[in-house]
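**Q** Below is one structure. I have some questions about it.
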Amino acid sequence: MKNIINSLVLLLSLSTFAAQASDIEKNPGTDKEAKAATFQTNVFKGKNATQFYCFVEKQAGQRLTITIRDQKNNIINEQYVSRNETHVAQKMDLSQLADGDYSLTISSADRMIVHPIRVSTAAAVRYVYLTEQEARK
């Protein structure tokens with residue numbers, strides 16, 4: 001009889017713990033860290049110095065703005081991400097911009113991430129090939 005009561009108490013305590021754990025998974029908004037990290041970003045260069053890739057993961061129900069600004073904080077391009085989208089993958093070709101430093105800003109109502117971007121086109125390099133005899137002259 002004592003074993004049965006101990007087993008029931010153990011079973012009841014485990015089921016209560018399991019119910020609390022599943023409640024936490026259903027309500028990630030109760031965790032402060034989950035609230036703070038409402039979106040994640042990754043920005044990196046492409047093959048040349050005028051192409052960039054921007055990846056954003058966000059929670060549904062939140063609006064985002066992706067903005068490219070120059071050094072004087074003038075807006076070059078601005079794009080809005082709808083509330084329903086959860087993933088954004090974008091290739092940016094900035095070859096039409098002059099060489100210089102720019103910033104890519106990804107912002108929501110409560111958070112802003114700024115990625116510095118440097119646009120630079122490589123100068124043309126001229127190669128002159130000489131024979132060994134021409135080089136000695």
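We label chains A, B, ... in the order they appear in the structure tokens, count residues from 1 in each chain, and number ligands from 1 in the order shown.
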Quick one: pick out all strand (DSSP E or B) residues within segment 24-135 of chain A from a backbone DSSP run and write them as an NGL selection string.

**A** :A and (39-45 or 51-58 or 64-69 or 75-81 or 87-93 or 100-107 or 112-119)

**Q** Save the residues we just selected, C-alpha atoms, as a PDB file, in the first residue's frame?

**A**
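Result file result.pdb:
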```pdb
ATOM      1  CA  PHE A  39      14.948  39.118 -34.976  1.00  0.00           C
ATOM      2  CA  GLN A  40      18.374  37.910 -36.088  1.00  0.00           C
ATOM      3  CA  THR A  41      20.405  39.256 -39.013  1.00  0.00           C
ATOM      4  CA  ASN A  42      23.395  38.274 -41.106  1.00  0.00           C
ATOM      5  CA  VAL A  43      24.993  40.521 -43.734  1.00  0.00           C
ATOM      6  CA  PHE A  44      28.036  39.598 -45.827  1.00  0.00           C
ATOM      7  CA  LYS A  45      29.809  40.451 -49.095  1.00  0.00           C
ATOM      8  CA  GLN A  51      27.252  42.900 -53.903  1.00  0.00           C
ATOM      9  CA  PHE A  52      25.919  42.106 -50.439  1.00  0.00           C
ATOM     10  CA  TYR A  53      23.591  39.487 -49.030  1.00  0.00           C
ATOM     11  CA  CYS A  54      21.169  40.217 -46.210  1.00  0.00           C
ATOM     12  CA  PHE A  55      19.410  37.450 -44.261  1.00  0.00           C
ATOM     13  CA  VAL A  56      16.833  38.162 -41.565  1.00  0.00           C
ATOM     14  CA  GLU A  57      14.859  35.785 -39.356  1.00  0.00           C
ATOM     15  CA  LYS A  58      12.031  37.323 -37.372  1.00  0.00           C
ATOM     16  CA  LEU A  64      10.816  45.470 -39.996  1.00  0.00           C
ATOM     17  CA  THR A  65      12.444  48.195 -42.036  1.00  0.00           C
ATOM     18  CA  ILE A  66      15.651  47.621 -44.023  1.00  0.00           C
ATOM     19  CA  THR A  67      17.397  50.896 -44.856  1.00  0.00           C
ATOM     20  CA  ILE A  68      20.625  51.771 -46.671  1.00  0.00           C
ATOM     21  CA  ARG A  69      22.133  55.136 -45.685  1.00  0.00           C
ATOM     22  CA  ILE A  75      18.387  57.382 -47.085  1.00  0.00           C
ATOM     23  CA  ILE A  76      19.500  55.646 -50.296  1.00  0.00           C
ATOM     24  CA  ASN A  77      16.961  52.796 -50.218  1.00  0.00           C
ATOM     25  CA  GLU A  78      14.254  51.716 -47.799  1.00  0.00           C
ATOM     26  CA  GLN A  79      12.288  48.477 -47.783  1.00  0.00           C
ATOM     27  CA  TYR A  80       9.523  47.273 -45.483  1.00  0.00           C
ATOM     28  CA  VAL A  81       9.102  43.655 -44.385  1.00  0.00           C
ATOM     29  CA  HIS A  87      12.457  34.906 -43.279  1.00  0.00           C
ATOM     30  CA  VAL A  88      14.012  37.437 -45.627  1.00  0.00           C
ATOM     31  CA  ALA A  89      16.876  36.618 -47.987  1.00  0.00           C
ATOM     32  CA  GLN A  90      17.994  39.450 -50.227  1.00  0.00           C
ATOM     33  CA  LYS A  91      20.848  40.078 -52.650  1.00  0.00           C
ATOM     34  CA  MET A  92      21.788  43.753 -52.903  1.00  0.00           C
ATOM     35  CA  ASP A  93      23.678  45.074 -55.903  1.00  0.00           C
ATOM     36  CA  GLY A 100      32.513  54.877 -49.896  1.00  0.00           C
ATOM     37  CA  ASP A 101      31.117  53.839 -46.545  1.00  0.00           C
ATOM     38  CA  TYR A 102      27.418  53.119 -46.096  1.00  0.00           C
ATOM     39  CA  SER A 103      25.271  51.539 -43.399  1.00  0.00           C
ATOM     40  CA  LEU A 104      22.586  48.893 -43.623  1.00  0.00           C
ATOM     41  CA  THR A 105      20.052  49.359 -40.828  1.00  0.00           C
ATOM     42  CA  ILE A 106      17.501  46.714 -39.875  1.00  0.00           C
ATOM     43  CA  SER A 107      15.001  48.032 -37.354  1.00  0.00           C
ATOM     44  CA  MET A 112      17.822  48.439 -34.360  1.00  0.00           C
ATOM     45  CA  ILE A 113      20.887  46.702 -35.832  1.00  0.00           C
ATOM     46  CA  VAL A 114      23.374  48.647 -37.972  1.00  0.00           C
ATOM     47  CA  HIS A 115      25.810  46.876 -40.320  1.00  0.00           C
ATOM     48  CA  PRO A 116      28.611  49.013 -41.818  1.00  0.00           C
ATOM     49  CA  ILE A 117      29.128  48.469 -45.553  1.00  0.00           C
ATOM     50  CA  ARG A 118      32.067  49.596 -47.695  1.00  0.00           C
ATOM     51  CA  VAL A 119      31.495  49.841 -51.427  1.00  0.00           C
TER      52      VAL A 119
END
```

**Q** Atom CA of Thr38 of chain A and atom CA of Arg83 of chain A, how far apart in Å?

**A**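 That distance, rounded to one decimal, is 12.4 Å.
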
**Q** Just list the residues in segment 21-115 of chain A DSSP gives helix (DSSP H, G or I) on the backbone, as a PyMOL selection string.

**A** chain A and resi 21-26+28-30+32-36

**Q** Taking only C-alpha atoms into account, name the residue in A:Gln133, A:Gln62, A:Thr121, A:Thr50 that is nearest to Ser82 of chain A.

**A** A:Gln62
